[in-house]
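Q: Sharing run-v3.txt, compact mmCIF, C-alpha atoms:
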# COMPACT_ATOMS: atom_id res chain seq x y z
CA MET A 1 19.77 11.85 23.02
CA GLU A 2 18.56 9.71 20.11
CA GLN A 3 15.41 8.92 22.01
CA ARG A 4 14.56 12.59 22.18
CA VAL A 5 15.59 13.66 18.68
CA LEU A 6 14.13 10.78 16.65
CA PRO A 7 10.56 10.93 18.06
CA ALA A 8 10.61 14.75 17.74
CA THR A 9 11.57 14.36 14.07
CA ARG A 10 8.70 11.95 13.47
CA GLU A 11 6.20 14.20 15.24
CA LEU A 12 7.20 17.21 13.16
CA LEU A 13 7.10 15.16 9.95
CA ALA A 14 3.62 13.87 10.76
CA ALA A 15 2.35 17.34 11.67
CA SER A 16 3.58 19.16 8.60
CA SER A 17 5.62 18.04 5.61
CA LEU A 18 9.16 17.17 4.70
CA ALA A 19 9.59 20.49 2.90
CA ASP A 20 8.77 22.35 6.13
CA LEU A 21 11.04 20.26 8.35
CA ARG A 22 13.79 22.39 9.95
CA ILE A 23 16.63 21.35 12.24
CA ASP A 24 15.80 24.40 14.38
CA ASP A 25 12.33 23.05 15.07
CA ILE A 26 13.70 19.60 15.87
CA ALA A 27 16.23 21.16 18.26
CA ARG A 28 13.49 23.16 19.97
CA ARG A 29 11.07 20.26 20.28
CA SER A 30 13.66 17.74 21.48
CA GLY A 31 15.62 20.12 23.69
CA VAL A 32 18.86 18.93 22.05
CA ALA A 33 21.31 21.51 20.66
CA LYS A 34 21.46 21.89 16.90
CA THR A 35 25.24 21.34 16.87
CA THR A 36 24.77 18.04 18.75
CA ILE A 37 22.15 16.94 16.23
CA TYR A 38 24.39 17.85 13.29
CA ARG A 39 27.32 16.02 14.85
CA ARG A 40 25.27 12.81 15.01
CA TRP A 41 23.35 13.16 11.70
CA PRO A 42 25.20 15.16 9.06
CA SER A 43 22.04 16.02 7.08
CA LEU A 44 18.26 16.12 7.36
CA THR A 45 18.19 13.09 5.04
CA HIS A 46 20.26 11.05 7.49
CA LEU A 47 18.04 12.19 10.35
CA VAL A 48 14.74 11.40 8.62
CA VAL A 49 15.91 7.93 7.58
CA ALA A 50 17.21 7.29 11.12
CA ALA A 51 13.86 8.40 12.58
CA MET A 52 12.00 5.96 10.34
CA ALA A 53 14.47 3.10 10.94
CA ASP A 54 14.06 3.68 14.68
CA LEU A 55 10.28 3.34 14.33
CA VAL A 56 10.60 0.03 12.50
CA GLY A 57 13.24 -1.42 14.84
CA GLU A 58 15.86 -4.05 14.21
CA ARG A 59 14.99 -6.76 11.71
CA GLU A 60 17.42 -9.62 11.68
CA VAL A 61 17.35 -11.91 8.72
CA THR A 62 18.70 -15.42 9.11
CA ILE A 63 19.05 -17.62 6.07
CA THR A 64 18.81 -21.40 6.42
CA ASP A 65 18.74 -24.27 3.98
CA ASP A 66 14.95 -24.13 3.61
CA PRO A 67 13.75 -21.25 1.40
CA GLU A 68 10.11 -21.79 2.33
CA GLU A 69 10.73 -21.68 6.06
CA ASP A 70 12.94 -18.63 5.57
CA LEU A 71 10.15 -16.95 3.65
CA GLN A 72 7.62 -17.61 6.41
CA ARG A 73 10.00 -16.45 9.12
CA ILE A 74 11.10 -13.27 7.34
CA ALA A 75 7.50 -12.39 6.41
CA LEU A 76 6.51 -12.75 10.08
CA ALA A 77 9.43 -10.58 11.19
CA GLY A 78 8.33 -7.97 8.66
CA LEU A 79 4.77 -8.10 9.89
CA ARG A 80 5.92 -7.68 13.48
CA SER A 81 7.99 -4.65 12.63
CA LEU A 82 5.04 -3.17 10.71
CA ARG A 83 2.80 -3.73 13.72
CA THR A 84 5.39 -2.25 16.06
CA ALA A 85 5.72 0.80 13.83
CA GLY A 86 1.92 1.07 13.65
CA PRO A 87 -0.32 3.04 11.32
CA SER A 88 1.94 6.09 11.45
CA LEU A 89 4.59 4.39 9.30
CA PRO A 90 2.82 4.38 5.91
CA PRO A 91 1.98 8.11 5.94
CA LEU A 92 5.55 8.94 6.97
CA ALA A 93 6.89 6.67 4.23
CA LEU A 94 4.63 8.39 1.70
CA THR A 95 5.83 11.78 2.90
CA VAL A 96 9.37 10.67 2.13
CA HIS A 97 8.44 9.21 -1.25
CA ARG A 98 6.30 12.10 -2.47
CA HIS A 99 9.21 14.40 -1.92
CA GLY A 100 11.41 15.12 -4.88
CA ASP A 101 14.64 14.35 -3.02
CA ALA A 102 16.05 11.37 -4.92
CA GLN A 103 18.88 10.84 -2.45
CA LEU A 104 16.46 10.62 0.47
CA ARG A 105 14.35 8.08 -1.41
CA ARG A 106 17.44 6.03 -2.20
CA GLU A 107 18.63 6.08 1.43
CA TYR A 108 15.16 5.19 2.68
CA ARG A 109 14.95 2.34 0.24
CA ALA A 110 18.44 1.04 1.02
CA ARG A 111 17.90 1.14 4.76
CA LEU A 112 14.18 0.46 5.24
CA ILE A 113 12.85 -1.38 2.22
CA ASP A 114 15.59 -3.43 0.60
CA PRO A 115 16.88 -5.45 3.58
CA LEU A 116 13.55 -7.23 4.07
CA ARG A 117 12.17 -7.02 0.55
CA GLY A 118 15.49 -8.19 -0.88
CA ALA A 119 15.68 -11.09 1.59
CA LEU A 120 12.18 -12.23 0.62
CA ILE A 121 12.95 -12.03 -3.10
CA ASP A 122 16.16 -13.94 -2.44
CA CYS A 123 14.25 -16.74 -0.68
CA LEU A 124 11.90 -17.11 -3.62
CA GLN A 125 14.74 -17.10 -6.09
CA ARG A 126 16.70 -19.72 -4.15
CA GLY A 127 13.55 -21.84 -4.15
CA GLN A 128 13.21 -21.32 -7.89
CA ALA A 129 16.82 -22.32 -8.48
CA ARG A 130 16.15 -25.57 -6.59
CA GLY A 131 12.92 -26.25 -8.41
CA VAL A 132 10.70 -26.02 -5.33
CA PHE A 133 9.06 -22.88 -6.73
CA ARG A 134 7.91 -22.40 -10.30
CA ALA A 135 10.77 -20.97 -12.32
CA ASP A 136 8.59 -18.66 -14.43
CA ALA A 137 7.01 -16.92 -11.40
CA ASP A 138 7.84 -13.24 -10.95
CA ALA A 139 9.56 -13.29 -7.55
CA PRO A 140 9.66 -9.50 -6.95
CA LEU A 141 5.97 -9.23 -7.85
CA ALA A 142 5.04 -12.03 -5.43
CA VAL A 143 6.99 -10.30 -2.67
CA ASP A 144 5.40 -6.93 -3.43
CA ALA A 145 2.00 -8.62 -3.19
CA MET A 146 2.86 -9.82 0.34
CA ILE A 147 4.22 -6.48 1.49
CA GLY A 148 1.52 -4.53 -0.33
CA ALA A 149 -1.32 -6.54 1.20
CA ALA A 150 -0.02 -5.89 4.72
CA ILE A 151 0.43 -2.15 4.11
CA TYR A 152 -2.93 -1.79 2.35
CA ARG A 153 -4.77 -3.47 5.21
CA LEU A 154 -2.96 -1.43 7.82
CA ALA A 155 -3.08 2.00 6.21
CA ILE A 156 -6.19 2.04 4.05
CA LEU A 157 -8.56 -0.64 5.34
CA HIS A 158 -7.66 0.09 8.97
CA GLU A 159 -7.33 -3.60 9.74
CA THR A 160 -4.06 -4.44 11.41
CA PRO A 161 -2.82 -7.62 9.74
CA THR A 162 -2.41 -10.57 12.11
CA GLU A 163 0.28 -13.25 12.17
CA ALA A 164 -2.32 -15.65 10.80
CA ASP A 165 -2.84 -13.25 7.86
CA ALA A 166 0.90 -13.23 7.19
CA LYS A 167 1.02 -17.04 7.19
CA ASP A 168 -2.05 -17.24 4.95
CA LEU A 169 -0.54 -14.72 2.58
CA VAL A 170 2.70 -16.64 2.21
CA SER A 171 0.79 -19.91 1.74
CA LEU A 172 -1.54 -18.27 -0.75
CA LEU A 173 1.32 -16.98 -2.83
CA LEU A 174 3.14 -20.29 -2.61
CA ASP A 175 0.20 -22.54 -3.29
CA GLY A 176 -1.97 -20.37 -5.51
CA VAL A 177 -5.69 -20.64 -5.43
CA ARG A 178 -6.24 -23.34 -8.02
CA PRO A 179 -7.11 -26.91 -7.08
CA GLN A 180 -4.80 -28.21 -9.85
CA PRO A 181 -2.06 -26.57 -11.84
CA SER A 182 -4.25 -26.39 -14.94
CA ARG A 183 -2.68 -24.35 -17.70
CA GLU A 184 -5.09 -24.62 -20.62
CA ARG A 185 -5.92 -20.90 -20.63
CA GLU A 186 -2.40 -19.84 -21.24
CA GLN A 187 -1.86 -21.80 -24.42
CA MET B 1 -18.52 24.01 -11.85
CA GLU B 2 -17.51 20.52 -10.66
CA GLN B 3 -14.37 20.76 -12.74
CA ARG B 4 -13.30 23.84 -10.81
CA VAL B 5 -14.35 22.79 -7.31
CA LEU B 6 -13.09 19.19 -7.28
CA PRO B 7 -9.49 19.90 -8.41
CA ALA B 8 -9.33 22.87 -5.99
CA THR B 9 -10.40 20.52 -3.17
CA ARG B 10 -7.68 18.03 -4.09
CA GLU B 11 -5.01 20.71 -4.31
CA LEU B 12 -5.88 22.08 -0.88
CA LEU B 13 -5.97 18.58 0.59
CA ALA B 14 -2.56 17.76 -0.86
CA ALA B 15 -1.06 21.04 0.32
CA SER B 16 -2.23 20.89 3.92
CA SER B 17 -4.40 18.40 5.77
CA LEU B 18 -7.99 17.37 6.09
CA ALA B 19 -8.26 19.10 9.44
CA ASP B 20 -7.28 22.41 7.82
CA LEU B 21 -9.63 22.10 4.86
CA ARG B 22 -12.22 24.92 4.78
CA ILE B 23 -15.06 25.55 2.36
CA ASP B 24 -14.01 29.22 2.31
CA ASP B 25 -10.61 28.29 0.91
CA ILE B 26 -12.16 25.98 -1.66
CA ALA B 27 -14.54 28.76 -2.73
CA ARG B 28 -11.66 31.22 -3.03
CA ARG B 29 -9.41 28.85 -4.97
CA SER B 30 -12.11 27.62 -7.36
CA GLY B 31 -13.89 30.94 -7.79
CA VAL B 32 -17.23 29.24 -7.06
CA ALA B 33 -19.54 30.72 -4.42
CA LYS B 34 -19.76 28.90 -1.09
CA THR B 35 -23.56 28.65 -1.33
CA THR B 36 -23.24 26.99 -4.74
CA ILE B 37 -20.74 24.49 -3.34
CA TYR B 38 -22.99 23.69 -0.36
CA ARG B 39 -25.99 23.26 -2.65
CA ARG B 40 -24.11 20.58 -4.60
CA TRP B 41 -22.25 18.87 -1.71
CA PRO B 42 -24.05 19.13 1.63
CA SER B 43 -20.88 18.55 3.69
CA LEU B 44 -17.10 18.56 3.46
CA THR B 45 -17.24 14.76 3.67
CA HIS B 46 -19.38 14.60 0.53
CA LEU B 47 -17.05 17.03 -1.22
CA VAL B 48 -13.83 15.19 -0.30
CA VAL B 49 -15.22 11.83 -1.38
CA ALA B 50 -16.50 13.38 -4.64
CA ALA B 51 -13.06 14.93 -5.28
CA MET B 52 -11.38 11.53 -4.84
CA ALA B 53 -13.99 9.68 -6.91
CA ASP B 54 -13.50 12.25 -9.67
CA LEU B 55 -9.75 11.55 -9.64
CA VAL B 56 -10.29 7.82 -10.00
CA GLY B 57 -12.95 8.15 -12.73
CA GLU B 58 -15.73 5.78 -13.65
CA ARG B 59 -15.06 2.11 -13.15
CA GLU B 60 -17.71 -0.08 -14.69
CA VAL B 61 -17.87 -3.64 -13.55
CA THR B 62 -19.46 -6.21 -15.86
CA ILE B 63 -19.99 -9.71 -14.60
CA THR B 64 -20.01 -12.63 -17.05
CA ASP B 65 -20.18 -16.37 -16.67
CA ASP B 66 -16.40 -16.72 -16.39
CA PRO B 67 -15.04 -15.70 -12.94
CA GLU B 68 -11.43 -15.85 -14.10
CA GLU B 69 -11.96 -13.58 -17.08
CA ASP B 70 -13.98 -11.23 -14.89
CA LEU B 71 -11.13 -11.13 -12.41
CA GLN B 72 -8.60 -10.26 -15.12
CA ARG B 73 -10.85 -7.61 -16.62
CA ILE B 74 -11.78 -5.94 -13.33
CA ALA B 75 -8.15 -5.99 -12.14
CA LEU B 76 -7.10 -4.26 -15.38
CA ALA B 77 -9.84 -1.66 -15.00
CA GLY B 78 -8.65 -1.05 -11.45
CA LEU B 79 -5.06 -0.69 -12.60
CA ARG B 80 -6.10 1.78 -15.30
CA SER B 81 -7.99 3.91 -12.82
CA LEU B 82 -5.00 3.83 -10.47
CA ARG B 83 -2.73 4.94 -13.31
CA THR B 84 -5.18 7.66 -14.32
CA ALA B 85 -5.35 8.90 -10.76
CA GLY B 86 -1.56 8.77 -10.52
CA PRO B 87 0.76 8.92 -7.53
CA SER B 88 -1.30 11.64 -5.86
CA LEU B 89 -4.08 9.20 -5.01
CA PRO B 90 -2.42 7.12 -2.26
CA PRO B 91 -1.34 10.16 -0.18
CA LEU B 92 -4.83 11.65 -0.49
CA ALA B 93 -6.37 8.33 0.51
CA LEU B 94 -4.06 8.14 3.51
CA THR B 95 -5.01 11.69 4.48
CA VAL B 96 -8.63 10.56 4.56
CA HIS B 97 -7.85 7.38 6.48
CA ARG B 98 -5.57 8.91 9.07
CA HIS B 99 -8.30 11.30 9.99
CA GLY B 100 -10.54 10.37 12.87
CA ASP B 101 -13.76 10.99 10.97
CA ALA B 102 -15.39 7.56 10.86
CA GLN B 103 -18.20 8.71 8.58
CA LEU B 104 -15.74 10.03 6.01
CA ARG B 105 -13.83 6.74 6.08
CA ARG B 106 -17.07 4.81 5.62
CA GLU B 107 -18.17 7.00 2.70
CA TYR B 108 -14.75 6.75 1.09
CA ARG B 109 -14.75 3.01 1.47
CA ALA B 110 -18.30 2.60 0.16
CA ARG B 111 -17.67 4.79 -2.88
CA LEU B 112 -14.00 4.27 -3.73
CA ILE B 113 -12.86 0.96 -2.32
CA ASP B 114 -15.75 -1.46 -2.09
CA PRO B 115 -17.09 -1.33 -5.68
CA LEU B 116 -13.88 -2.74 -7.16
CA ARG B 117 -12.56 -4.65 -4.17
CA GLY B 118 -15.99 -6.19 -3.60
CA ALA B 119 -16.32 -7.15 -7.27
CA LEU B 120 -12.90 -8.86 -7.20
CA ILE B 121 -13.73 -10.78 -4.01
CA ASP B 122 -17.05 -11.76 -5.56
CA CYS B 123 -15.29 -13.16 -8.67
CA LEU B 124 -13.02 -15.30 -6.51
CA GLN B 125 -15.91 -16.52 -4.41
CA ARG B 126 -17.98 -17.43 -7.47
CA GLY B 127 -14.98 -19.36 -8.74
CA GLN B 128 -14.66 -21.09 -5.37
CA ALA B 129 -18.34 -22.02 -5.38
CA ARG B 130 -17.85 -23.64 -8.79
CA GLY B 131 -14.70 -25.46 -7.76
CA VAL B 132 -12.41 -23.64 -10.22
CA PHE B 133 -10.60 -21.96 -7.31
CA ARG B 134 -9.48 -23.69 -4.13
CA ALA B 135 -12.29 -23.49 -1.60
CA ASP B 136 -10.01 -22.94 1.40
CA ALA B 137 -8.28 -19.89 -0.11
CA ASP B 138 -8.87 -16.57 1.63
CA ALA B 139 -10.52 -14.57 -1.15
CA PRO B 140 -10.37 -11.12 0.52
CA LEU B 141 -6.70 -11.65 1.34
CA ALA B 142 -5.89 -12.62 -2.27
CA VAL B 143 -7.69 -9.50 -3.50
CA ASP B 144 -5.89 -7.28 -0.99
CA ALA B 145 -2.60 -8.74 -2.23
CA MET B 146 -3.47 -7.66 -5.80
CA ILE B 147 -4.59 -4.17 -4.80
CA GLY B 148 -1.81 -3.81 -2.24
CA ALA B 149 0.93 -4.77 -4.72
CA ALA B 150 -0.25 -2.12 -7.20
CA ILE B 151 -0.48 0.61 -4.56
CA TYR B 152 2.86 -0.34 -2.97
CA ARG B 153 4.65 -0.20 -6.31
CA LEU B 154 3.02 3.09 -7.25
CA ALA B 155 3.34 4.97 -3.98
CA ILE B 156 6.41 3.55 -2.25
CA LEU B 157 8.62 1.95 -4.88
CA HIS B 158 7.86 4.70 -7.43
CA GLU B 159 7.31 2.12 -10.15
CA THR B 160 4.01 2.61 -11.93
CA PRO B 161 2.54 -0.87 -12.36
CA THR B 162 2.00 -1.89 -15.98
CA GLU B 163 -0.85 -3.88 -17.51
CA ALA B 164 1.56 -6.81 -17.81
CA ASP B 165 2.17 -6.56 -14.03
CA ALA B 166 -1.58 -6.68 -13.40
CA LYS B 167 -1.95 -9.79 -15.56
CA ASP B 168 1.05 -11.44 -13.91
CA LEU B 169 -0.33 -10.61 -10.50
CA VAL B 170 -3.70 -12.18 -11.21
CA SER B 171 -2.00 -15.26 -12.73
CA LEU B 172 0.35 -15.49 -9.79
CA LEU B 173 -2.46 -15.42 -7.29
CA LEU B 174 -4.48 -17.88 -9.32
CA ASP B 175 -1.70 -20.29 -10.10
CA GLY B 176 0.57 -19.95 -7.10
CA VAL B 177 4.27 -20.37 -7.36
CA ARG B 178 4.56 -24.11 -6.84
CA PRO B 179 5.25 -26.48 -9.70
CA GLN B 180 2.78 -29.00 -8.18
CA PRO B 181 0.12 -28.67 -5.54
CA SER B 182 2.27 -30.47 -2.99
CA ARG B 183 0.80 -30.32 0.47
CA GLU B 184 3.14 -32.37 2.65
CA ARG B 185 4.25 -29.36 4.70
CA GLU B 186 0.82 -28.59 5.95
CA GLN B 187 0.16 -31.94 7.54
Re-express the file's structure as structure tokens.
A:
Amino acid sequence: MEQRVLPATRELLAASSLADLRIDDIARRSGVAKTTIYRRWPSLTHLVVAAMADLVGEREVTITDDPEEDLQRIALAGLRSLRTAGPSLPPLALTVHRHGDAQLRREYRARLIDPLRGALIDCLQRGQARGVFRADADAPLAVDAMIGAAIYRLAILHETPTEADAKDLVSLLLDGVRPQPSREREQ
Amino acid sequence: MEQRVLPATRELLAASSLADLRIDDIARRSGVAKTTIYRRWPSLTHLVVAAMADLVGEREVTITDDPEEDLQRIALAGLRSLRTAGPSLPPLALTVHRHGDAQLRREYRARLIDPLRGALIDCLQRGQARGVFRADADAPLAVDAMIGAAIYRLAILHETPTEADAKDLVSLLLDGVRPQPSREREQ
């Protein structure tokens, strides 16, 4: 049942807009009764977030004793789920985020963004606490640069990021692009 | 005339889709005759790209002898144009890029993406040539991380990036997050 309702929801979202999305249309397109849909997902918000989560797939996050290895591994898992979801994810995500529904945005963020983004920020912060990463670095900004680069390449430049890109991106953000940590400019 | 036609084009694009965009509707909404529109913009592609370029505004790029200062200055100019354009830019850009029209994507990229993105990559590469930036760093990837972070925060996280964020982002990518350039892991 889920595998009929969730793709139908995504197709309707992609074809029109969130404001035009109706349970009736989802029921018609999926061939699943409206009452059955409502029993499983109590609101359109639940259904839309479920349809997006289904597109992205499961993303398990394991934390070890090595923040840098964790960072690499979680970034790769994120990249794989982005590639699995494909170029249809960013427009759907934007559809959700353009919409005025604050609860939907919160649910989307809690279920689709924060698990991975939060785990990456956490890795950086653990590394900072141990002194392996610079304490004054802005961990959320570094993480948003990783995620943002992947999404920008996928959705705007039409270049699907590779696993090598993900590794390079993590290394780049960890190592910086300077030959030495020269700091004269900032004094 | 431009200031009636270009906003009307953006409004129609935002309300429906590129595939549904018709010169007739633009003429009706703007109150400008179709023949006048066609005389100024020979095709819908020209018109859509002009409407987006108008949203972003002029972005002058001055190159000096200091690649790092150039990078900071161009990144700030990019951030300002993104803030001027506001949250409606990324969905419009995605509308253009989801569409199958390769010529439109090329025009958009040549006019809206490459001037700034290319200038940023060029700064990094000049710095690499002079040895002030690490030669093995992936300059386009570093630039896409800067642009991607700003777009991700604006469009998905609903946090308009500040000028301080832009400076931090450039510093982060230039300095990296390590306290020392330790390289043991990569051997």
Q: Please define a box with edges along x, y and z of the file around all atoms of range 127-132 of chain A given in the file, extend it by 3 Å on each side, and return its centre and edge lengths in Å to one decimal, as JSON.
A:
{"center_x": 13.8, "center_y": -23.8, "center_z": -6.3, "size_x": 12.1, "size_y": 10.9, "size_z": 10.3}
Q: Taking into account all atoms listed in the file, which residue in the set A:Ala110, A:Leu76, A:Ile121, A:Leu44 is nearest to Glu163 in chain A?
A: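 That would be A:Leu76, the residue with the smallest distance to Glu163 in chain A.
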Q: Using only C-alpha atoms, which of B:Ala77, B:Thr62, B:Gln72, B:Ile156 sits nearest Arg105 in chain A?
A: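 Between B:Ala77, B:Thr62, B:Gln72, B:Ile156, the residue approaching Arg105 in chain A most closely is B:Ile156.
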Q: Tell me which of A:Leu120, A:Ala149, A:Ala19, A:Ala164 sits closest to chain B, counting only C-alpha atoms.
A: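 The answer is A:Ala149, which sits nearest to chain B.
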Q: Could you check how far CA of Val5 in chain B sits from CA of Ser30 in chain B, in Å to one decimal?
A: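 Going from CA of Val5 in chain B over to CA of Ser30 in chain B, I get 5.3 Å.
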Q: Just give me the gap between CA of Pro115 in chain B and CA of Asp66 in chain B in Å, one decimal is fine.
A: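 Distance reported for this atom pair: 18.8 Å.
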Q: What does the structure give for the distance between CA of His158 in chain B and CA of Pro67 in chain A, in Å to one decimal?
A: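 Value for the CA of His158 in chain B-CA of Pro67 in chain A distance: 28.0 Å.
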Q: Which polymer residues, whether protein, DNA or RNA, lie within 12 Å of the coordinate (16.8, -11.2, -4.2) when you count all atoms listed in the file? List them as a list in words, using the chain letters and numbers from the file.
A: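 Using all atoms listed in the file, the matching residues come out as Pro67, Leu71, Asp114, Pro115, Leu116, Arg117, Gly118, Ala119, Leu120, Ile121, Asp122, Cys123, Leu124, Gln125, Arg126, Gly127, Gln128, Ala129, Asp138, Ala139, Pro140, Leu141, Ala142 and Val143 of chain A.
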Q: Set the distance at 12 Å and use all atoms listed in the file: which residues neighbour Arg153 in chain B once local chain neighbours fewer than 5 positions away are removed? I'd like the list as an MDAnalysis selection string.
A: (chainID A and resid 94 97 113 140:149 151:152) or (chainID B and resid 79 82:83 86:87 90 145:148 158:162 165:166)
Q: Neighbours of Asp24 in chain B within 12 Å (only C-alpha atoms; same-chain residues fewer than 4 positions away dropped), as a PDB file with C-alpha atoms, in the frame of the given file?
A:
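Everything below was put into around.pdb:
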ATOM      1  CA  VAL B   5     -14.350  22.790  -7.310  1.00  0.00           C
ATOM      2  CA  ALA B   8      -9.330  22.870  -5.990  1.00  0.00           C
ATOM      3  CA  THR B   9     -10.400  20.520  -3.170  1.00  0.00           C
ATOM      4  CA  LEU B  12      -5.880  22.080  -0.880  1.00  0.00           C
ATOM      5  CA  ASP B  20      -7.280  22.410   7.820  1.00  0.00           C
ATOM      6  CA  ARG B  28     -11.660  31.220  -3.030  1.00  0.00           C
ATOM      7  CA  ARG B  29      -9.410  28.850  -4.970  1.00  0.00           C
ATOM      8  CA  SER B  30     -12.110  27.620  -7.360  1.00  0.00           C
ATOM      9  CA  GLY B  31     -13.890  30.940  -7.790  1.00  0.00           C
ATOM     10  CA  VAL B  32     -17.230  29.240  -7.060  1.00  0.00           C
ATOM     11  CA  ALA B  33     -19.540  30.720  -4.420  1.00  0.00           C
ATOM     12  CA  LYS B  34     -19.760  28.900  -1.090  1.00  0.00           C
ATOM     13  CA  THR B  35     -23.560  28.650  -1.330  1.00  0.00           C
ATOM     14  CA  THR B  36     -23.240  26.990  -4.740  1.00  0.00           C
ATOM     15  CA  ILE B  37     -20.740  24.490  -3.340  1.00  0.00           C
ATOM     16  CA  TYR B  38     -22.990  23.690  -0.360  1.00  0.00           C
ATOM     17  CA  LEU B  44     -17.100  18.560   3.460  1.00  0.00           C
TER      18      LEU B  44
END
Q: Point out the residue among B:Ala85, B:Ala150, B:Val61, B:Leu21 with the least atom-to-atom distance to chain A, counting all atoms listed in the file.
A: B:Ala150
Q: Which is closer to Leu6 in chain B than all the others in B:Ala27, B:Ala135, B:Arg111, B:Glu60, using only C-alpha atoms?
A: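 Checking each candidate against Leu6 in chain B, we get B:Ala27 as the closest.
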Q: Restricting the calculation to all atoms listed in the file, which member of A:Leu47, A:Arg22, A:Ser16, A:Ala53 is positioned closest to chain B?
A: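 So, comparing all the options, the nearest one is A:Ser16.
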Q: Compile the contact shell of His46 in chain B as a list in words: residues with an atom at most 10 Å away, counting all atoms listed in the file, same-chain residues fewer than 5 positions apart removed.
A: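 The residues satisfying every condition are Tyr38, Arg40, Trp41, Ala51, Leu104, Glu107 and Tyr108 of chain B.
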Q: Quick one: residues within 9 Å of Asp101 in chain A, all atoms listed in the file counted, chain neighbours fewer than 5 positions away excluded, as a tab-separated table (two decimals) with C-alpha atoms, in the frame of the given file?
A:
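And here's out29.tsv as it stands now:
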chain	number	residue	atom	x	y	z
A	45	THR	CA	18.19	13.09	5.04
A	96	VAL	CA	9.37	10.67	2.13
A	106	ARG	CA	17.44	6.03	-2.20
